[in-house]
Amino acid sequence: MITTEKVTVSLPKEIVDTLRKEIPRRKRSKFIAETVKNQLKKMKKQALIKAYKEAYTEIEKENQEFDGVIGEHFGL
């Protein structure tokens with residue numbers, strides 16, 4: 001069983017009004033939890049993509065430098 005914890009957050013009134021209108025009373029906590037969980041997954045995925053792109057850029061730079069050294073050394 002998942003442990004839960006009560007939290008207090010402040011949201012804009014229009015978001016709360018829409019939430020109350022669209023999501024049944026007994027399902028709001030689950031809806032909010034799933035939405036936050038999905039957003040956190042998205043943020044983690046975006047951070048990984050950024051890290052991979054940065055690593056790829058660095059590897060490409062090193063490869064170009066290596067190719068230059070090899071070319072100079074072997075006359076390529």
# chains A, B, ... in the order shown; residues from 1 in each chain; ligands from 1

call {"tool": "select_by_dssp", "arguments": {"residues": "chain A", "states": "helix (DSSP H, G or I)", "output": "VMD selection string"}}
result
chain A and resid 13 to 22 25 to 74

call {"tool": "atom_distance", "arguments": {"atom1": "atom CA of Glu65 of chain A", "atom2": "atom CA of Ile49 of chain A"}}
result
24.4 Å

call {"tool": "closest_residue", "arguments": {"among": "A:Ala51, A:Leu40, A:Ile23, A:Ile32", "to": "Leu11 of chain A", "atoms": "only C-alpha atoms"}}
result
A:Ile32

call {"tool": "closest_residue", "arguments": {"among": "A:Glu60, A:Met43, A:Phe31, A:Val7", "to": "Leu19 of chain A", "atoms": "only C-alpha atoms"}}
result
A:Phe31

call {"tool": "atom_distance", "arguments": {"atom1": "atom CA of Ser10 of chain A", "atom2": "atom CA of Lys42 of chain A"}}
result
22.2 Å
